[in-house]
Amino acid sequence: MLDPWTLQVMVEVEERGSFSAAAEALSMTQPAVSRQIGGLERRLGVPLFRRTARGVKATAAGEIVVDQARDVLARLRALEMRVGAFTSAETGHLRLSAFSSANTWLMPEVIRRFSRSHPGVRLSLVREDAAGPMAAIKEARVDLALVTAWSLYADPSAAKHDPSAELLEPADFTGVDLLPLLDEEFQVALPADHRLAGLRRVSLSDLCDEVWIEGGYPDCLGPIPQLAEALGRPPRIGFFCEDWNGRQALVAGGSGIMLVPTLVRGAVHPGVVRRPTAPSLPSRRLYAASLAPPFRLPAVTALLDVIARVSREQIPA
């Protein structure tokens, strides 16, 4: 089997066009480079370089070997980098997932700070996994996921309407750590010219006849029975919109009202006002989910520290 060092010598000779230049770049002697290339030619049974007036040039066979050598060396470097991620917090590639409201401020700020302190780690923000965050973490499709308490049901969509919906089983959390970050409070978002916009606190009983704007899970009205109990009747949902900006535009246009969690308070539409409610709406806990030690990458542990620090800070108002 060919060894990586010989392949590196081969690539270096081809790129620099001479044995002596390759020797200098590799801190070798020129005869040593010649022996490496000669040994490779004997092993493969074909000449790899031909001499020219200015040095050497790869033969047709040599060009094939160089192309393959570059590919092999790139794969070996990638292997070293990925394995190195298990021993160092300063290298590797982490895949993160979050939901829409977390991406308005929290996740961008975490990525900004972590990238500054750990420039050798590449971060990717990926779409939420269709199989759910716990499965994505366990099956290594995602390294860290932001989740809410509303996501910790066996069937989150059923939990929106069924107060007796079952939570995930303990076995579903095996190998996964949930780091509590903060308890999100909810305020109501009203059009700036709404009849209640001038109040400092809005009574929930005054909202029972309003049209509500629903969103995609978990950026939604939450468990409907819970909200219905707070309102005194089920909410009258008139619109559905996945996008936070689109939902706020509907509110600003007077089409309805919506809930605004803590994470989105710094990204409120200028035509919208947010008000706390009386009584207060139930809070929602935010978690960072990752593999539990010893399978958690050191870079993920460092990222968790950054997320915890940012979460303790004041969310922009």
# chains A, B, ... in the order shown; residues from 1 in each chain; ligands from 1

$ residues_around --residues "Leu204 (chain A)" --least-positions-apart "3" --cutoff "12 Å" --atoms "only C-alpha atoms" --output "list in words"
Gln187, Val188, Leu196, Arg201, Leu207, Cys208, Asp209, Glu210, Leu227, Ala228, Glu229, Ala230, Leu231, Gly232, Arg233, Pro235, Leu259, Arg275, Pro276, Thr277, Ala278, Pro279, Ser280 and Leu281 of chain A

$ write_last_selection --atoms "C-alpha atoms" --output "mmCIF file, in the first residue's frame"
data_model
loop_
_atom_site.group_PDB
_atom_site.id
_atom_site.type_symbol
_atom_site.label_atom_id
_atom_site.label_comp_id
_atom_site.auth_asym_id
_atom_site.auth_seq_id
_atom_site.Cartn_x
_atom_site.Cartn_y
_atom_site.Cartn_z
ATOM 1 C CA GLN A 187 -46.773 38.947 25.697
ATOM 2 C CA VAL A 188 -49.582 39.751 23.317
ATOM 3 C CA LEU A 196 -56.012 48.246 23.992
ATOM 4 C CA ARG A 201 -51.106 45.553 30.762
ATOM 5 C CA LEU A 207 -59.008 39.428 24.199
ATOM 6 C CA CYS A 208 -61.534 36.587 24.109
ATOM 7 C CA ASP A 209 -63.292 37.944 20.996
ATOM 8 C CA GLU A 210 -60.141 38.831 19.071
ATOM 9 C CA LEU A 227 -54.566 29.341 26.172
ATOM 10 C CA ALA A 228 -58.319 28.692 26.138
ATOM 11 C CA GLU A 229 -58.321 28.356 29.920
ATOM 12 C CA ALA A 230 -56.469 31.658 30.260
ATOM 13 C CA LEU A 231 -58.858 33.416 27.851
ATOM 14 C CA GLY A 232 -62.026 31.836 29.212
ATOM 15 C CA ARG A 233 -62.852 30.384 25.772
ATOM 16 C CA PRO A 235 -59.075 31.361 20.750
ATOM 17 C CA LEU A 259 -48.250 35.873 21.062
ATOM 18 C CA ARG A 275 -48.084 44.139 26.105
ATOM 19 C CA PRO A 276 -47.921 41.845 29.136
ATOM 20 C CA THR A 277 -51.195 40.207 30.096
ATOM 21 C CA ALA A 278 -53.192 39.924 33.300
ATOM 22 C CA PRO A 279 -53.064 37.246 34.426
ATOM 23 C CA SER A 280 -49.701 36.313 32.932
ATOM 24 C CA LEU A 281 -49.653 33.594 30.312
#

$ atom_distance --atom1 "CA of Glu41 (chain A)" --atom2 "CA of Leu79 (chain A)"
27.3 Å

$ select_by_dssp --residues "region 97-282 of chain A" --states "alpha helix (DSSP H)" --output "PyMOL selection string"
chain A and resi 106-117+133-138+156-159+224-231+244-252

$ closest_atom_pairs --of "region 235-285 of chain A" --to "region 171-182 of chain A" --cutoff "10 Å" --atoms "only C-alpha atoms" --output "CSV"
residue,atom,partner,partner_atom,distance
A:Thr262,CA,A:Leu182,CA,9.4
A:Leu263,CA,A:Leu182,CA,9.9
A:Ser283,CA,A:Leu182,CA,9.7
A:Arg284,CA,A:Leu182,CA,8.4
A:Arg285,CA,A:Leu182,CA,5.9

$ write_last_selection --atoms "N, CA and C atoms" --output "PDB file, in the first residue's frame"
ATOM      1  N   THR A 262     -40.254  35.682  24.662  1.00  0.00           N
ATOM      2  CA  THR A 262     -39.108  36.498  25.077  1.00  0.00           C
ATOM      3  C   THR A 262     -38.082  36.664  23.966  1.00  0.00           C
ATOM      4  N   LEU A 263     -37.789  35.584  23.237  1.00  0.00           N
ATOM      5  CA  LEU A 263     -36.701  35.612  22.265  1.00  0.00           C
ATOM      6  C   LEU A 263     -36.927  36.591  21.113  1.00  0.00           C
ATOM      7  N   SER A 283     -45.431  30.315  31.119  1.00  0.00           N
ATOM      8  CA  SER A 283     -44.126  30.445  30.473  1.00  0.00           C
ATOM      9  C   SER A 283     -43.764  29.157  29.741  1.00  0.00           C
ATOM     10  N   ARG A 284     -42.679  29.219  28.988  1.00  0.00           N
ATOM     11  CA  ARG A 284     -42.200  28.079  28.201  1.00  0.00           C
ATOM     12  C   ARG A 284     -40.700  27.955  28.406  1.00  0.00           C
ATOM     13  N   ARG A 285     -40.241  26.780  28.802  1.00  0.00           N
ATOM     14  CA  ARG A 285     -38.802  26.590  29.058  1.00  0.00           C
ATOM     15  C   ARG A 285     -38.070  26.281  27.757  1.00  0.00           C
TER      16      ARG A 285
END

$ atom_distance --atom1 "CA of Ala165 (chain A)" --atom2 "CA of Tyr153 (chain A)"
7.1 Å

$ select_by_dssp --residues "region 84-288 of chain A" --states "strand (DSSP E or B)" --output "ChimeraX atom specification"
/A:92-97,121-126,144-148,153,167,176-184,186-191,202-203,211-214,236-240,257-261,272-275,277-278,284-288

$ residues_around --residues "region 28-31 of chain A" --least-positions-apart "3" --cutoff "12 Å" --atoms "only C-alpha atoms" --output "number ranges by chain"
A: 5, 9, 12-13, 18-25, 34-38

$ closest_residue --among "A:Ala58, A:Ala302, A:Phe295, A:Glu185" --to "Val260 (chain A)" --atoms "only C-alpha atoms"
A:Glu185

$ residues_around --residues "His93 (chain A)" --least-positions-apart "3" --cutoff "6 Å" --atoms "only C-alpha atoms" --output "list in words"
Val121, Arg122 and Leu123 of chain A

$ residues_around --residues "Gly222 (chain A)" --least-positions-apart "3" --cutoff "12 Å" --atoms "only C-alpha atoms" --output "number ranges by chain"
A: 148-151, 156-163, 186, 213-219, 225-228, 235, 258-261, 281-284

$ write_last_selection --atoms "N, CA and C atoms" --output "short mmCIF file (atom, residue, chain, number, x, y, z; two decimals), in the first residue's frame"
data_model
loop_
_atom_site.label_atom_id
_atom_site.label_comp_id
_atom_site.auth_asym_id
_atom_site.auth_seq_id
_atom_site.Cartn_x
_atom_site.Cartn_y
_atom_site.Cartn_z
N THR A 148 -37.96 23.58 22.88
CA THR A 148 -38.78 24.12 23.96
C THR A 148 -39.48 22.97 24.67
N ALA A 149 -40.06 23.28 25.83
CA ALA A 149 -40.82 22.27 26.56
C ALA A 149 -41.99 21.77 25.74
N TRP A 150 -42.47 22.59 24.80
CA TRP A 150 -43.58 22.16 23.94
C TRP A 150 -43.17 21.05 22.99
N SER A 151 -41.87 20.85 22.81
CA SER A 151 -41.38 19.82 21.89
C SER A 151 -41.15 18.48 22.57
N PRO A 156 -46.02 16.13 19.42
CA PRO A 156 -46.22 17.56 19.70
C PRO A 156 -47.46 18.15 19.04
N SER A 157 -47.82 17.68 17.84
CA SER A 157 -49.00 18.23 17.18
C SER A 157 -50.27 17.86 17.94
N ALA A 158 -50.32 16.65 18.50
CA ALA A 158 -51.48 16.25 19.30
C ALA A 158 -51.52 17.01 20.61
N ALA A 159 -50.34 17.31 21.18
CA ALA A 159 -50.28 18.02 22.45
C ALA A 159 -50.85 19.44 22.36
N LYS A 160 -50.91 19.99 21.16
CA LYS A 160 -51.47 21.33 20.99
C LYS A 160 -52.95 21.36 21.39
N HIS A 161 -53.63 20.24 21.24
CA HIS A 161 -55.08 20.21 21.47
C HIS A 161 -55.50 19.25 22.58
N ASP A 162 -54.60 18.36 22.98
CA ASP A 162 -54.96 17.34 23.97
C ASP A 162 -54.18 17.55 25.26
N PRO A 163 -54.86 18.02 26.32
CA PRO A 163 -54.14 18.26 27.58
C PRO A 163 -53.60 17.00 28.23
N PHE A 186 -44.54 35.22 27.76
CA PHE A 186 -45.28 35.60 26.56
C PHE A 186 -46.02 36.92 26.77
N ILE A 213 -53.67 34.95 15.30
CA ILE A 213 -52.83 34.50 14.19
C ILE A 213 -51.93 33.38 14.69
N GLU A 214 -52.08 32.22 14.10
CA GLU A 214 -51.33 31.03 14.52
C GLU A 214 -50.07 30.89 13.67
N GLY A 215 -49.07 30.20 14.23
CA GLY A 215 -47.82 29.97 13.51
C GLY A 215 -47.41 28.51 13.56
N GLY A 216 -46.28 28.21 12.91
CA GLY A 216 -45.77 26.84 12.88
C GLY A 216 -45.14 26.45 14.20
N TYR A 217 -45.23 25.18 14.53
CA TYR A 217 -44.71 24.65 15.79
C TYR A 217 -43.19 24.72 15.82
N PRO A 218 -42.54 25.17 16.92
CA PRO A 218 -43.14 25.59 18.19
C PRO A 218 -43.40 27.10 18.29
N ASP A 219 -43.25 27.84 17.18
CA ASP A 219 -43.55 29.27 17.20
C ASP A 219 -45.03 29.47 16.92
N PRO A 225 -55.62 24.23 24.72
CA PRO A 225 -56.41 24.18 25.96
C PRO A 225 -55.86 25.12 27.04
N GLN A 226 -54.54 25.23 27.10
CA GLN A 226 -53.90 26.12 28.08
C GLN A 226 -54.27 27.57 27.81
N LEU A 227 -54.21 27.98 26.53
CA LEU A 227 -54.57 29.34 26.17
C LEU A 227 -56.06 29.56 26.35
N ALA A 228 -56.87 28.57 26.00
CA ALA A 228 -58.32 28.69 26.14
C ALA A 228 -58.71 28.90 27.60
N PRO A 235 -59.41 30.21 21.60
CA PRO A 235 -59.08 31.36 20.75
C PRO A 235 -59.69 31.21 19.36
N MET A 258 -51.36 38.18 18.11
CA MET A 258 -50.53 36.98 18.24
C MET A 258 -49.76 37.03 19.55
N LEU A 259 -49.11 35.93 19.88
CA LEU A 259 -48.25 35.87 21.06
C LEU A 259 -46.80 36.12 20.66
N VAL A 260 -46.07 36.81 21.53
CA VAL A 260 -44.66 37.11 21.29
C VAL A 260 -43.85 36.56 22.47
N PRO A 261 -42.97 35.57 22.22
CA PRO A 261 -42.13 35.05 23.31
C PRO A 261 -40.93 35.95 23.56
N LEU A 281 -49.54 34.86 31.02
CA LEU A 281 -49.65 33.59 30.31
C LEU A 281 -48.60 32.61 30.82
N PRO A 282 -48.86 31.32 30.76
CA PRO A 282 -47.86 30.33 31.21
C PRO A 282 -46.55 30.48 30.42
N SER A 283 -45.43 30.32 31.12
CA SER A 283 -44.13 30.44 30.47
C SER A 283 -43.76 29.16 29.74
N ARG A 284 -42.68 29.22 28.99
CA ARG A 284 -42.20 28.08 28.20
C ARG A 284 -40.70 27.96 28.41
#

$ atom_distance --atom1 "CA of Trp244 (chain A)" --atom2 "CA of Ser100 (chain A)"
7.1 Å

$ closest_residue --among "A:Ile237, A:Ala189, A:Leu40, A:Met1" --to "Val264 (chain A)" --atoms "only C-alpha atoms"
A:Ala189

$ decode --residues "region 16-158 of chain A" --atoms "C-alpha atoms" --output "PDB file, in the first residue's frame"
ATOM      1  CA  ARG A  16       6.775  22.968  -8.002  1.00  0.00           C
ATOM      2  CA  GLY A  17       8.113  21.524 -11.260  1.00  0.00           C
ATOM      3  CA  SER A  18      11.423  20.241  -9.924  1.00  0.00           C
ATOM      4  CA  PHE A  19      12.886  17.804  -7.430  1.00  0.00           C
ATOM      5  CA  SER A  20      15.053  20.469  -5.825  1.00  0.00           C
ATOM      6  CA  ALA A  21      12.142  22.897  -5.250  1.00  0.00           C
ATOM      7  CA  ALA A  22      10.032  20.105  -3.785  1.00  0.00           C
ATOM      8  CA  ALA A  23      12.926  19.070  -1.544  1.00  0.00           C
ATOM      9  CA  GLU A  24      13.253  22.624  -0.217  1.00  0.00           C
ATOM     10  CA  ALA A  25       9.509  22.889   0.460  1.00  0.00           C
ATOM     11  CA  LEU A  26       9.474  19.545   2.287  1.00  0.00           C
ATOM     12  CA  SER A  27      12.739  20.115   4.190  1.00  0.00           C
ATOM     13  CA  MET A  28      14.308  17.140   2.406  1.00  0.00           C
ATOM     14  CA  THR A  29      17.391  16.666   0.267  1.00  0.00           C
ATOM     15  CA  GLN A  30      17.079  16.475  -3.500  1.00  0.00           C
ATOM     16  CA  PRO A  31      18.433  12.877  -3.618  1.00  0.00           C
ATOM     17  CA  ALA A  32      15.836  11.832  -1.019  1.00  0.00           C
ATOM     18  CA  VAL A  33      13.031  13.209  -3.194  1.00  0.00           C
ATOM     19  CA  SER A  34      14.483  11.424  -6.216  1.00  0.00           C
ATOM     20  CA  ARG A  35      14.552   8.137  -4.287  1.00  0.00           C
ATOM     21  CA  GLN A  36      10.909   8.579  -3.224  1.00  0.00           C
ATOM     22  CA  ILE A  37       9.763   9.196  -6.792  1.00  0.00           C
ATOM     23  CA  GLY A  38      11.983   6.384  -8.158  1.00  0.00           C
ATOM     24  CA  GLY A  39      10.562   3.938  -5.645  1.00  0.00           C
ATOM     25  CA  LEU A  40       7.010   4.973  -6.556  1.00  0.00           C
ATOM     26  CA  GLU A  41       7.715   4.531 -10.273  1.00  0.00           C
ATOM     27  CA  ARG A  42       9.116   1.032  -9.668  1.00  0.00           C
ATOM     28  CA  ARG A  43       6.109   0.101  -7.549  1.00  0.00           C
ATOM     29  CA  LEU A  44       3.598   1.328 -10.135  1.00  0.00           C
ATOM     30  CA  GLY A  45       5.643   0.142 -13.118  1.00  0.00           C
ATOM     31  CA  VAL A  46       5.333   3.388 -15.104  1.00  0.00           C
ATOM     32  CA  PRO A  47       7.383   6.607 -15.400  1.00  0.00           C
ATOM     33  CA  LEU A  48       5.694   9.482 -13.544  1.00  0.00           C
ATOM     34  CA  PHE A  49       7.869  12.433 -14.603  1.00  0.00           C
ATOM     35  CA  ARG A  50       9.913  13.388 -17.635  1.00  0.00           C
ATOM     36  CA  ARG A  51      12.769  15.844 -17.571  1.00  0.00           C
ATOM     37  CA  THR A  52      12.445  19.218 -19.326  1.00  0.00           C
ATOM     38  CA  ALA A  53      14.808  22.153 -19.808  1.00  0.00           C
ATOM     39  CA  ARG A  54      13.308  23.807 -16.732  1.00  0.00           C
ATOM     40  CA  GLY A  55      12.796  20.823 -14.440  1.00  0.00           C
ATOM     41  CA  VAL A  56      10.330  17.956 -14.595  1.00  0.00           C
ATOM     42  CA  LYS A  57       6.802  17.514 -15.900  1.00  0.00           C
ATOM     43  CA  ALA A  58       4.294  14.805 -15.020  1.00  0.00           C
ATOM     44  CA  THR A  59       3.639  12.144 -17.626  1.00  0.00           C
ATOM     45  CA  ALA A  60       0.058  11.148 -18.472  1.00  0.00           C
ATOM     46  CA  ALA A  61       0.279   8.418 -15.822  1.00  0.00           C
ATOM     47  CA  GLY A  62       1.866  10.898 -13.428  1.00  0.00           C
ATOM     48  CA  GLU A  63      -1.042  13.317 -13.847  1.00  0.00           C
ATOM     49  CA  ILE A  64      -3.471  10.555 -12.907  1.00  0.00           C
ATOM     50  CA  VAL A  65      -1.393   9.668  -9.846  1.00  0.00           C
ATOM     51  CA  VAL A  66      -1.201  13.331  -8.781  1.00  0.00           C
ATOM     52  CA  ASP A  67      -4.980  13.779  -9.092  1.00  0.00           C
ATOM     53  CA  GLN A  68      -5.635  10.671  -7.050  1.00  0.00           C
ATOM     54  CA  ALA A  69      -2.958  11.611  -4.518  1.00  0.00           C
ATOM     55  CA  ARG A  70      -4.551  15.023  -3.957  1.00  0.00           C
ATOM     56  CA  ASP A  71      -7.893  13.344  -3.330  1.00  0.00           C
ATOM     57  CA  VAL A  72      -6.397  10.807  -0.903  1.00  0.00           C
ATOM     58  CA  LEU A  73      -4.494  13.498   0.996  1.00  0.00           C
ATOM     59  CA  ALA A  74      -7.619  15.698   1.228  1.00  0.00           C
ATOM     60  CA  ARG A  75      -9.592  12.773   2.624  1.00  0.00           C
ATOM     61  CA  LEU A  76      -6.870  12.028   5.161  1.00  0.00           C
ATOM     62  CA  ARG A  77      -6.827  15.677   6.278  1.00  0.00           C
ATOM     63  CA  ALA A  78     -10.625  15.576   6.628  1.00  0.00           C
ATOM     64  CA  LEU A  79     -10.340  12.378   8.666  1.00  0.00           C
ATOM     65  CA  GLU A  80      -7.755  13.934  10.965  1.00  0.00           C
ATOM     66  CA  MET A  81      -9.942  17.014  11.398  1.00  0.00           C
ATOM     67  CA  ARG A  82     -13.063  15.019  12.227  1.00  0.00           C
ATOM     68  CA  VAL A  83     -11.279  12.728  14.657  1.00  0.00           C
ATOM     69  CA  GLY A  84      -9.517  15.743  16.128  1.00  0.00           C
ATOM     70  CA  ALA A  85     -12.922  17.178  16.977  1.00  0.00           C
ATOM     71  CA  PHE A  86     -13.226  14.447  19.621  1.00  0.00           C
ATOM     72  CA  THR A  87     -10.135  15.690  21.427  1.00  0.00           C
ATOM     73  CA  SER A  88     -10.123  19.435  20.797  1.00  0.00           C
ATOM     74  CA  ALA A  89     -12.643  22.265  21.102  1.00  0.00           C
ATOM     75  CA  GLU A  90     -10.741  24.224  18.464  1.00  0.00           C
ATOM     76  CA  THR A  91     -11.532  22.180  15.371  1.00  0.00           C
ATOM     77  CA  GLY A  92     -14.356  20.330  13.666  1.00  0.00           C
ATOM     78  CA  HIS A  93     -17.756  21.039  12.146  1.00  0.00           C
ATOM     79  CA  LEU A  94     -20.887  21.496  14.275  1.00  0.00           C
ATOM     80  CA  ARG A  95     -24.431  21.354  12.906  1.00  0.00           C
ATOM     81  CA  LEU A  96     -27.000  23.374  14.834  1.00  0.00           C
ATOM     82  CA  SER A  97     -30.763  23.553  14.581  1.00  0.00           C
ATOM     83  CA  ALA A  98     -33.224  26.030  16.023  1.00  0.00           C
ATOM     84  CA  PHE A  99     -36.718  27.342  15.425  1.00  0.00           C
ATOM     85  CA  SER A 100     -37.737  30.653  13.885  1.00  0.00           C
ATOM     86  CA  SER A 101     -37.996  32.837  16.990  1.00  0.00           C
ATOM     87  CA  ALA A 102     -34.656  31.574  18.332  1.00  0.00           C
ATOM     88  CA  ASN A 103     -33.101  32.616  15.026  1.00  0.00           C
ATOM     89  CA  THR A 104     -34.187  36.251  15.362  1.00  0.00           C
ATOM     90  CA  TRP A 105     -31.515  37.046  17.974  1.00  0.00           C
ATOM     91  CA  LEU A 106     -30.305  34.252  20.245  1.00  0.00           C
ATOM     92  CA  MET A 107     -28.791  31.858  17.705  1.00  0.00           C
ATOM     93  CA  PRO A 108     -27.161  34.568  15.528  1.00  0.00           C
ATOM     94  CA  GLU A 109     -25.574  36.090  18.640  1.00  0.00           C
ATOM     95  CA  VAL A 110     -24.332  32.691  19.841  1.00  0.00           C
ATOM     96  CA  ILE A 111     -22.847  31.923  16.407  1.00  0.00           C
ATOM     97  CA  ARG A 112     -21.157  35.349  16.285  1.00  0.00           C
ATOM     98  CA  ARG A 113     -19.507  34.975  19.689  1.00  0.00           C
ATOM     99  CA  PHE A 114     -18.516  31.341  19.292  1.00  0.00           C
ATOM    100  CA  SER A 115     -17.010  31.968  15.849  1.00  0.00           C
ATOM    101  CA  ARG A 116     -14.869  34.737  17.319  1.00  0.00           C
ATOM    102  CA  SER A 117     -13.566  32.621  20.195  1.00  0.00           C
ATOM    103  CA  HIS A 118     -13.267  29.352  18.217  1.00  0.00           C
ATOM    104  CA  PRO A 119     -12.389  30.311  14.629  1.00  0.00           C
ATOM    105  CA  GLY A 120     -11.195  26.786  13.822  1.00  0.00           C
ATOM    106  CA  VAL A 121     -14.671  25.303  14.312  1.00  0.00           C
ATOM    107  CA  ARG A 122     -17.062  25.508  11.362  1.00  0.00           C
ATOM    108  CA  LEU A 123     -20.733  26.028  12.250  1.00  0.00           C
ATOM    109  CA  SER A 124     -23.782  25.225  10.141  1.00  0.00           C
ATOM    110  CA  LEU A 125     -27.383  26.112  10.924  1.00  0.00           C
ATOM    111  CA  VAL A 126     -29.584  23.389   9.447  1.00  0.00           C
ATOM    112  CA  ARG A 127     -33.307  22.844   8.997  1.00  0.00           C
ATOM    113  CA  GLU A 128     -35.126  21.253  11.919  1.00  0.00           C
ATOM    114  CA  ASP A 129     -35.157  17.478  11.505  1.00  0.00           C
ATOM    115  CA  ALA A 130     -38.453  15.905  10.439  1.00  0.00           C
ATOM    116  CA  ALA A 131     -37.896  13.047  12.909  1.00  0.00           C
ATOM    117  CA  GLY A 132     -37.626  15.497  15.815  1.00  0.00           C
ATOM    118  CA  PRO A 133     -34.674  16.973  17.713  1.00  0.00           C
ATOM    119  CA  MET A 134     -34.026  13.984  19.998  1.00  0.00           C
ATOM    120  CA  ALA A 135     -33.718  11.560  17.089  1.00  0.00           C
ATOM    121  CA  ALA A 136     -31.541  14.032  15.175  1.00  0.00           C
ATOM    122  CA  ILE A 137     -29.166  14.359  18.145  1.00  0.00           C
ATOM    123  CA  LYS A 138     -29.000  10.611  18.822  1.00  0.00           C
ATOM    124  CA  GLU A 139     -28.377   9.759  15.177  1.00  0.00           C
ATOM    125  CA  ALA A 140     -25.689  12.469  14.857  1.00  0.00           C
ATOM    126  CA  ARG A 141     -27.493  14.474  12.172  1.00  0.00           C
ATOM    127  CA  VAL A 142     -27.377  17.482  14.479  1.00  0.00           C
ATOM    128  CA  ASP A 143     -24.813  18.272  17.186  1.00  0.00           C
ATOM    129  CA  LEU A 144     -26.879  20.785  19.136  1.00  0.00           C
ATOM    130  CA  ALA A 145     -30.573  21.688  18.929  1.00  0.00           C
ATOM    131  CA  LEU A 146     -32.562  24.414  20.638  1.00  0.00           C
ATOM    132  CA  VAL A 147     -35.894  22.988  21.789  1.00  0.00           C
ATOM    133  CA  THR A 148     -38.778  24.117  23.963  1.00  0.00           C
ATOM    134  CA  ALA A 149     -40.816  22.273  26.560  1.00  0.00           C
ATOM    135  CA  TRP A 150     -43.584  22.159  23.942  1.00  0.00           C
ATOM    136  CA  SER A 151     -41.379  19.823  21.891  1.00  0.00           C
ATOM    137  CA  LEU A 152     -40.972  17.209  24.633  1.00  0.00           C
ATOM    138  CA  TYR A 153     -44.162  15.309  23.840  1.00  0.00           C
ATOM    139  CA  ALA A 154     -44.423  11.982  22.037  1.00  0.00           C
ATOM    140  CA  ASP A 155     -46.689  13.752  19.506  1.00  0.00           C
ATOM    141  CA  PRO A 156     -46.218  17.558  19.700  1.00  0.00           C
ATOM    142  CA  SER A 157     -48.995  18.228  17.178  1.00  0.00           C
ATOM    143  CA  ALA A 158     -51.477  16.246  19.297  1.00  0.00           C
TER     144      ALA A 158
END
